[in-house]
file model-v2.cif (mmCIF, C-alpha atoms)
data_coords
#
loop_
_atom_site.label_atom_id
_atom_site.label_comp_id
_atom_site.auth_asym_id
_atom_site.auth_seq_id
_atom_site.Cartn_x
_atom_site.Cartn_y
_atom_site.Cartn_z
CA LEU F 1 42.61 136.19 125.58
CA ALA F 2 39.59 136.95 127.71
CA SER F 3 36.91 134.32 128.27
CA PHE F 4 33.18 134.89 128.50
CA SER F 5 30.83 133.22 130.95
CA ALA F 6 28.17 130.71 129.93
CA PRO F 7 24.64 131.02 131.35
CA LEU F 8 23.34 128.51 133.85
CA PRO F 9 20.42 126.25 132.83
CA GLY F 10 17.19 128.20 132.92
CA GLN F 11 18.99 131.55 132.84
CA ARG F 12 18.16 133.92 129.97
CA LEU F 13 21.00 134.53 127.56
CA ARG F 14 21.97 138.16 127.08
CA ASP F 15 21.31 137.84 123.35
CA GLY F 16 18.87 134.93 123.14
CA PRO F 17 16.14 132.81 124.73
CA PRO F 18 16.36 130.95 128.07
CA MET F 19 18.46 127.80 128.01
CA PRO F 20 16.60 124.53 128.72
CA MET F 21 16.59 123.22 132.29
CA SER F 22 18.05 119.83 131.30
CA PRO F 23 20.26 118.69 128.40
CA PRO F 24 18.47 117.14 125.40
CA PHE F 25 20.41 113.89 125.82
CA THR F 26 23.27 112.22 127.68
CA ARG F 27 26.19 110.14 126.48
CA ALA F 28 24.27 106.99 127.47
CA ASP F 29 21.45 107.99 125.10
CA LEU F 30 23.90 107.89 122.18
CA ALA F 31 23.84 104.09 122.29
CA ARG F 32 20.50 104.22 120.44
CA ALA F 33 21.50 107.03 118.05
CA GLU F 34 22.47 106.82 114.38
CA HIS F 35 26.11 107.85 113.94
CA HIS F 36 27.89 109.27 110.90
CA LEU F 37 31.58 110.12 111.23
CA LEU F 38 32.44 113.54 109.78
CA ARG F 39 36.03 113.93 110.97
CA ASP F 40 38.20 111.71 113.14
CA GLY F 41 40.50 114.61 113.91
CA ARG F 42 44.17 114.65 114.79
CA PHE F 43 45.73 113.85 118.15
CA ALA F 44 44.61 117.11 119.85
CA ASN F 45 41.34 117.64 117.98
CA ALA F 46 37.90 116.24 118.62
CA ARG F 47 36.26 113.33 116.86
CA VAL F 48 33.26 114.89 115.10
CA GLU F 49 30.07 112.99 114.31
CA ARG F 50 26.60 113.71 113.04
CA VAL F 51 24.20 111.83 115.28
CA ARG F 52 20.44 111.38 114.88
CA LEU F 53 18.46 110.88 118.06
CA ASP F 54 14.66 110.80 118.17
CA GLY F 55 14.52 112.21 114.65
CA VAL F 56 16.78 115.21 115.42
CA ASP F 57 20.27 115.67 113.92
CA TRP F 58 23.07 116.90 116.16
CA ILE F 59 26.76 117.64 115.71
CA PHE F 60 28.71 115.77 118.39
CA LYS F 61 32.31 116.72 119.23
CA ASP F 62 34.09 114.27 121.47
CA PHE F 63 37.57 114.25 123.04
CA SER F 64 37.03 111.09 125.12
CA SER F 65 39.28 108.97 122.87
CA ARG F 66 42.21 111.41 123.04
CA ALA F 67 45.20 111.36 125.36
CA TRP F 68 44.51 112.16 129.01
CA TRP F 69 46.17 115.58 128.83
CA VAL F 70 43.88 116.50 125.91
CA ARG F 71 40.74 115.03 127.51
CA HIS F 72 41.26 116.76 130.84
CA GLY F 73 43.00 119.95 129.74
CA PHE F 74 43.19 121.37 126.24
CA GLY F 75 40.03 119.58 125.05
CA ARG F 76 37.89 120.86 127.92
CA PHE F 77 39.14 124.37 127.31
CA LEU F 78 38.18 124.20 123.61
CA LEU F 79 34.77 122.66 124.33
CA GLY F 80 33.99 125.32 126.90
CA ARG F 81 34.86 128.23 124.63
CA GLU F 82 32.83 126.79 121.72
CA VAL F 83 29.73 126.13 123.83
CA ARG F 84 29.88 129.62 125.27
CA ALA F 85 30.31 131.12 121.80
CA LEU F 86 27.35 129.21 120.37
CA GLN F 87 25.15 130.07 123.32
CA ARG F 88 25.95 133.74 122.79
CA LEU F 89 24.94 133.38 119.12
CA GLU F 90 21.70 131.52 119.90
CA GLY F 91 18.91 132.63 117.56
CA LEU F 92 21.08 133.67 114.61
CA PRO F 93 20.12 131.82 111.39
CA GLY F 94 22.65 129.41 109.94
CA ILE F 95 24.49 128.99 113.27
CA PRO F 96 24.38 125.72 115.29
CA SER F 97 21.78 126.14 118.03
CA GLN F 98 20.96 124.53 121.39
CA ALA F 99 24.65 123.95 122.19
CA PHE F 100 25.39 122.17 125.47
CA ARG F 101 28.09 120.15 127.21
CA VAL F 102 27.23 116.46 127.06
CA ASP F 103 29.89 115.78 129.68
CA GLY F 104 33.45 116.87 130.43
CA CYS F 105 34.74 115.45 127.15
CA ALA F 106 32.03 116.32 124.62
CA LEU F 107 29.58 118.91 123.35
CA ALA F 108 26.57 118.78 121.08
CA ALA F 109 24.64 121.34 119.03
CA ARG F 110 21.96 121.16 116.37
CA PHE F 111 23.38 120.06 113.03
CA VAL F 112 23.32 122.70 110.28
CA PRO F 113 22.74 121.04 106.88
CA GLY F 114 24.50 122.44 103.86
CA ARG F 115 27.54 122.35 101.61
CA THR F 116 30.87 123.87 102.53
CA LEU F 117 32.00 126.66 100.23
CA GLY F 118 34.80 124.36 99.14
CA ARG F 119 32.17 121.95 97.79
CA VAL F 120 30.17 124.81 96.28
CA GLU F 121 33.26 125.94 94.37
CA THR F 122 33.87 122.42 93.04
CA GLU F 123 30.26 121.59 92.20
CA ASP F 124 28.88 124.96 91.07
CA GLY F 125 32.03 126.75 89.99
CA GLY F 126 31.38 129.75 92.23
CA MET F 127 28.73 131.67 94.15
CA SER F 128 26.54 134.70 93.56
CA ALA F 129 27.11 138.23 94.81
CA GLU F 130 23.74 138.00 96.58
CA PHE F 131 24.93 134.98 98.56
CA LEU F 132 28.21 136.71 99.46
CA ARG F 133 26.33 139.79 100.68
CA SER F 134 24.14 137.56 102.87
CA LEU F 135 27.21 135.76 104.25
CA GLU F 136 28.90 139.09 104.98
CA ALA F 137 25.77 140.27 106.83
CA LEU F 138 25.63 137.06 108.89
CA LEU F 139 29.26 137.38 109.93
CA GLN F 140 28.62 141.02 110.88
CA GLN F 141 25.77 139.81 113.11
CA VAL F 142 28.26 137.48 114.81
CA HIS F 143 30.54 140.47 115.33
CA ALA F 144 27.63 142.47 116.76
CA ARG F 145 27.25 139.76 119.42
CA GLY F 146 30.83 140.42 120.50
CA LEU F 147 32.58 137.48 118.82
CA VAL F 148 35.04 136.83 116.01
CA HIS F 149 35.27 133.40 114.38
CA LEU F 150 38.95 133.51 113.33
CA ASP F 151 38.81 130.55 110.90
CA THR F 152 36.88 131.79 107.86
CA ARG F 153 39.44 131.66 105.07
CA GLY F 154 39.57 127.96 104.24
CA GLY F 155 35.93 127.58 103.22
CA ASN F 156 35.14 124.48 105.32
CA ASN F 157 33.49 126.50 108.09
CA LEU F 158 31.32 128.58 105.76
CA LEU F 159 28.20 126.89 104.36
CA MET F 160 25.55 127.28 101.73
CA LEU F 161 22.33 125.86 103.18
CA PRO F 162 19.85 123.89 101.07
CA ASP F 163 17.70 127.03 100.62
CA GLY F 164 20.73 129.03 99.41
CA ALA F 165 21.17 130.97 102.67
CA PRO F 166 24.60 131.20 104.36
CA GLY F 167 25.74 129.37 107.46
CA ILE F 168 28.79 129.44 109.73
CA ILE F 169 29.98 126.52 111.85
CA ASP F 170 32.88 125.44 114.06
CA PHE F 171 33.38 128.21 116.62
CA GLN F 172 36.13 126.42 118.54
CA ALA F 173 38.62 129.21 117.85
CA ALA F 174 36.12 132.04 118.47
CA VAL F 175 37.23 134.93 120.66
CA SER F 176 35.18 137.47 122.59
CA THR F 177 35.77 141.06 121.52
CA ARG F 178 33.76 142.76 124.25
CA TRP F 179 36.86 143.43 126.32
CA MET F 180 38.89 144.76 123.40
CA PRO F 181 39.61 148.42 122.62
CA GLY F 182 37.98 149.58 119.39
CA PHE F 183 41.07 149.41 117.16
CA LEU F 184 41.83 145.83 118.21
CA ARG F 185 38.22 144.69 117.79
CA ARG F 186 38.14 146.18 114.28
CA TRP F 187 41.41 144.41 113.43
CA PHE F 188 40.03 140.99 114.44
CA GLU F 189 36.73 141.64 112.67
CA GLY F 190 38.64 142.62 109.55
CA MET F 191 40.58 139.36 109.68
CA ASP F 192 37.25 137.50 109.82
CA LEU F 193 35.78 139.39 106.86
CA GLY F 194 38.92 138.71 104.84
CA GLY F 195 37.81 135.11 104.37
CA ILE F 196 34.62 136.28 102.66
CA TYR F 197 36.31 139.02 100.62
CA LYS F 198 38.78 136.43 99.33
CA LYS F 199 35.82 134.51 97.84
CA TRP F 200 34.31 137.75 96.57
CA LEU F 201 37.48 138.70 94.72
CA GLN F 202 37.71 135.20 93.26
CA PHE F 203 34.12 134.81 92.03
CA GLN F 204 32.43 138.23 91.98
CA PRO F 205 35.17 140.88 91.58
CA ALA F 206 32.93 143.25 89.59
CA ALA F 207 30.29 143.25 92.35
CA MET F 208 32.82 143.69 95.14
CA GLY F 209 32.93 147.47 94.95
CA PRO F 210 35.86 149.76 95.80
CA GLN F 211 35.22 149.85 99.55
CA ARG F 212 35.41 146.07 100.01
CA ARG F 213 38.41 145.86 97.69
CA VAL F 214 40.35 148.47 99.68
CA HIS F 215 39.33 146.70 102.90
CA PHE F 216 40.58 143.37 101.54
CA GLU F 217 43.93 144.85 100.53
CA GLN F 218 44.28 146.34 104.00
CA ILE F 219 43.39 143.00 105.60
CA ASN F 220 46.09 141.26 103.57
CA ARG F 221 48.65 143.71 104.93
CA TRP F 222 47.38 143.01 108.46
CA ARG F 223 47.67 139.25 107.90
CA ARG F 224 51.43 139.51 107.98
CA LEU F 225 51.03 139.96 111.74
CA TRP F 226 48.84 136.83 112.09
CA VAL F 227 50.92 133.69 112.61
CA PHE F 228 48.27 131.10 113.58
CA ARG F 229 46.63 128.56 111.26
CA GLY F 230 43.53 126.62 112.31
CA TYR F 231 43.12 126.17 116.08
CA PHE F 232 46.05 128.07 117.57
CA GLY F 233 48.38 126.68 114.90
CA LEU F 234 47.07 123.09 115.05
CA ARG F 235 45.60 121.51 111.93
CA LYS F 236 42.33 119.60 112.37
#
call {"tool": "encode", "arguments": {"input": "model-v2.cif", "output": "structure tokens"}}
result
Amino acid sequence: LASFSAPLPGQRLRDGPPMPMSPPFTRADLARAEHHLLRDGRFANARVERVRLDGVDWIFKDFSSRAWWVRHGFGRFLLGREVRALQRLEGLPGIPSQAFRVDGCALAARFVPGRTLGRVETEDGGMSAEFLRSLEALLQQVHARGLVHLDTRGGNNLLMLPDGAPGIIDFQAAVSTRWMPGFLRRWFEGMDLGGIYKKWLQFQPAAMGPQRRVHFEQINRWRRLWVFRGYFGLRK
């Protein structure tokens, strides 16, 4: 799959503001940060923490404790694609902002507060049609920037923010669609939207409308061709 280039410090993003000239912090600065473990990950996945430094909350993904072949190969590849994806999405609401490489083994981005849709289902018993429309619109904005997320169905990467707005996190599996022919781009975008339409059918079927329902049925037929789960078949 094609990659997409990240801007240099100080260079204006194609779809966002200029990146800062220097990173907000270094790994050494984390010695004075507050740490909260979110996910220790499996052998080939990052350790994920929420860190607070100088009153600012960041998400910190770190492969430094993994095997050498992960640290210096697969992990660096995943970090690079996620940083580039987030930098392309800079400025979109509900998306982690100010993403940067801390070093060769880690990245950081601003923490997005909120509840996963899995928690919303458990605690609230569902979600409104208005929220689902807003989430659909946000994902379509991601698509308009030339990206697909590719991990929207489980509910852990889709958020409801404290103000009720939607959010999307964890772009490690994101793929650029700018190089794709139209039919292939639409196929990937449809796979992305399927994660939202699954929730729509579950909680707001009457508000879904015939067009979304037909689209969802078509997506489910397409899914027979999709063999991956999580990050290229690896569970987190």
call {"tool": "atom_distance", "arguments": {"input": "model-v2.cif", "atom1": "atom CA of F:Phe188", "atom2": "atom CA of F:Gly154"}}
result
16.6 Å
call {"tool": "resolve_selection", "arguments": {"input": "model-v2.cif", "expression": "the PyMOL selection byres ((chain F and resi 205-214) around 12)", "output": "list in words"}}
result
Gly126, Met127, Ser128, Ala129, Glu130, Phe131, Leu132, Arg133, Glu136, Gly190, Leu193, Gly194, Ile196, Tyr197, Lys198, Lys199, Trp200, Leu201, Gln202, Phe203, Gln204, His215, Phe216, Glu217, Gln218, Ile219, Asn220 and Arg221 of chain F
call {"tool": "write_last_selection", "arguments": {"input": "model-v2.cif", "atoms": "C-alpha atoms", "output": "PDB file, keeping the file's coordinate frame"}}
result
ATOM      1  CA  GLY F 126      31.380 129.750  92.230  1.00  0.00           C
ATOM      2  CA  MET F 127      28.730 131.670  94.150  1.00  0.00           C
ATOM      3  CA  SER F 128      26.540 134.700  93.560  1.00  0.00           C
ATOM      4  CA  ALA F 129      27.110 138.230  94.810  1.00  0.00           C
ATOM      5  CA  GLU F 130      23.740 138.000  96.580  1.00  0.00           C
ATOM      6  CA  PHE F 131      24.930 134.980  98.560  1.00  0.00           C
ATOM      7  CA  LEU F 132      28.210 136.710  99.460  1.00  0.00           C
ATOM      8  CA  ARG F 133      26.330 139.790 100.680  1.00  0.00           C
ATOM      9  CA  GLU F 136      28.900 139.090 104.980  1.00  0.00           C
ATOM     10  CA  GLY F 190      38.640 142.620 109.550  1.00  0.00           C
ATOM     11  CA  LEU F 193      35.780 139.390 106.860  1.00  0.00           C
ATOM     12  CA  GLY F 194      38.920 138.710 104.840  1.00  0.00           C
ATOM     13  CA  ILE F 196      34.620 136.280 102.660  1.00  0.00           C
ATOM     14  CA  TYR F 197      36.310 139.020 100.620  1.00  0.00           C
ATOM     15  CA  LYS F 198      38.780 136.430  99.330  1.00  0.00           C
ATOM     16  CA  LYS F 199      35.820 134.510  97.840  1.00  0.00           C
ATOM     17  CA  TRP F 200      34.310 137.750  96.570  1.00  0.00           C
ATOM     18  CA  LEU F 201      37.480 138.700  94.720  1.00  0.00           C
ATOM     19  CA  GLN F 202      37.710 135.200  93.260  1.00  0.00           C
ATOM     20  CA  PHE F 203      34.120 134.810  92.030  1.00  0.00           C
ATOM     21  CA  GLN F 204      32.430 138.230  91.980  1.00  0.00           C
ATOM     22  CA  HIS F 215      39.330 146.700 102.900  1.00  0.00           C
ATOM     23  CA  PHE F 216      40.580 143.370 101.540  1.00  0.00           C
ATOM     24  CA  GLU F 217      43.930 144.850 100.530  1.00  0.00           C
ATOM     25  CA  GLN F 218      44.280 146.340 104.000  1.00  0.00           C
ATOM     26  CA  ILE F 219      43.390 143.000 105.600  1.00  0.00           C
ATOM     27  CA  ASN F 220      46.090 141.260 103.570  1.00  0.00           C
ATOM     28  CA  ARG F 221      48.650 143.710 104.930  1.00  0.00           C
TER      29      ARG F 221
END
call {"tool": "closest_residue", "arguments": {"input": "model-v2.cif", "among": "F:His35, F:Arg84, F:Arg52, F:Arg153", "to": "F:Phe111", "atoms": "all atoms listed in the file"}}
result
F:Arg52
call {"tool": "closest_residue", "arguments": {"input": "model-v2.cif", "among": "F:Val70, F:Ile169, F:Leu161, F:Ala108", "to": "F:Leu89", "atoms": "all atoms listed in the file"}}
result
F:Ile169
call {"tool": "closest_residue", "arguments": {"input": "model-v2.cif", "among": "F:Arg101, F:Arg47, F:His149, F:Arg42", "to": "F:Phe63", "atoms": "all atoms listed in the file"}}
result
F:Arg47
call {"tool": "build_atoms", "arguments": {"input": "model-v2.cif", "residues": "stretch 64-75 of chain F", "atoms": "N, CA, C and O atoms", "output": "mmCIF file, in the frame of the given file"}}
result
data_model
loop_
_atom_site.group_PDB
_atom_site.id
_atom_site.type_symbol
_atom_site.label_atom_id
_atom_site.label_comp_id
_atom_site.auth_asym_id
_atom_site.auth_seq_id
_atom_site.Cartn_x
_atom_site.Cartn_y
_atom_site.Cartn_z
ATOM 1 N N SER F 64 36.855 112.181 124.157
ATOM 2 C CA SER F 64 37.030 111.090 125.120
ATOM 3 C C SER F 64 38.060 110.053 124.670
ATOM 4 O O SER F 64 38.625 109.337 125.506
ATOM 5 N N SER F 65 38.320 109.938 123.369
ATOM 6 C CA SER F 65 39.280 108.970 122.870
ATOM 7 C C SER F 65 40.703 109.531 122.775
ATOM 8 O O SER F 65 41.615 108.814 122.362
ATOM 9 N N ARG F 66 40.892 110.789 123.142
ATOM 10 C CA ARG F 66 42.210 111.410 123.040
ATOM 11 C C ARG F 66 43.048 111.164 124.300
ATOM 12 O O ARG F 66 42.563 110.663 125.304
ATOM 13 N N ALA F 67 44.295 111.550 124.226
ATOM 14 C CA ALA F 67 45.200 111.360 125.360
ATOM 15 C C ALA F 67 44.663 112.091 126.595
ATOM 16 O O ALA F 67 43.911 113.070 126.487
ATOM 17 N N TRP F 68 45.082 111.631 127.770
ATOM 18 C CA TRP F 68 44.510 112.160 129.010
ATOM 19 C C TRP F 68 44.724 113.654 129.137
ATOM 20 O O TRP F 68 43.850 114.372 129.623
ATOM 21 N N TRP F 69 45.896 114.158 128.679
ATOM 22 C CA TRP F 69 46.170 115.580 128.830
ATOM 23 C C TRP F 69 45.293 116.414 127.899
ATOM 24 O O TRP F 69 45.012 117.591 128.181
ATOM 25 N N VAL F 70 44.832 115.817 126.786
ATOM 26 C CA VAL F 70 43.880 116.500 125.910
ATOM 27 C C VAL F 70 42.475 116.422 126.517
ATOM 28 O O VAL F 70 41.763 117.426 126.587
ATOM 29 N N ARG F 71 42.074 115.220 126.933
ATOM 30 C CA ARG F 71 40.740 115.030 127.510
ATOM 31 C C ARG F 71 40.485 115.946 128.703
ATOM 32 O O ARG F 71 39.410 116.536 128.830
ATOM 33 N N HIS F 72 41.466 116.053 129.570
ATOM 34 C CA HIS F 72 41.260 116.760 130.840
ATOM 35 C C HIS F 72 41.829 118.168 130.865
ATOM 36 O O HIS F 72 41.691 118.859 131.874
ATOM 37 N N GLY F 73 42.439 118.605 129.767
ATOM 38 C CA GLY F 73 43.000 119.950 129.740
ATOM 39 C C GLY F 73 42.597 120.733 128.517
ATOM 40 O O GLY F 73 41.575 121.421 128.501
ATOM 41 N N PHE F 74 43.392 120.598 127.469
ATOM 42 C CA PHE F 74 43.190 121.370 126.240
ATOM 43 C C PHE F 74 41.800 121.145 125.659
ATOM 44 O O PHE F 74 41.119 122.092 125.229
ATOM 45 N N GLY F 75 41.341 119.885 125.623
ATOM 46 C CA GLY F 75 40.030 119.580 125.050
ATOM 47 C C GLY F 75 38.901 120.256 125.814
ATOM 48 O O GLY F 75 37.976 120.807 125.207
#
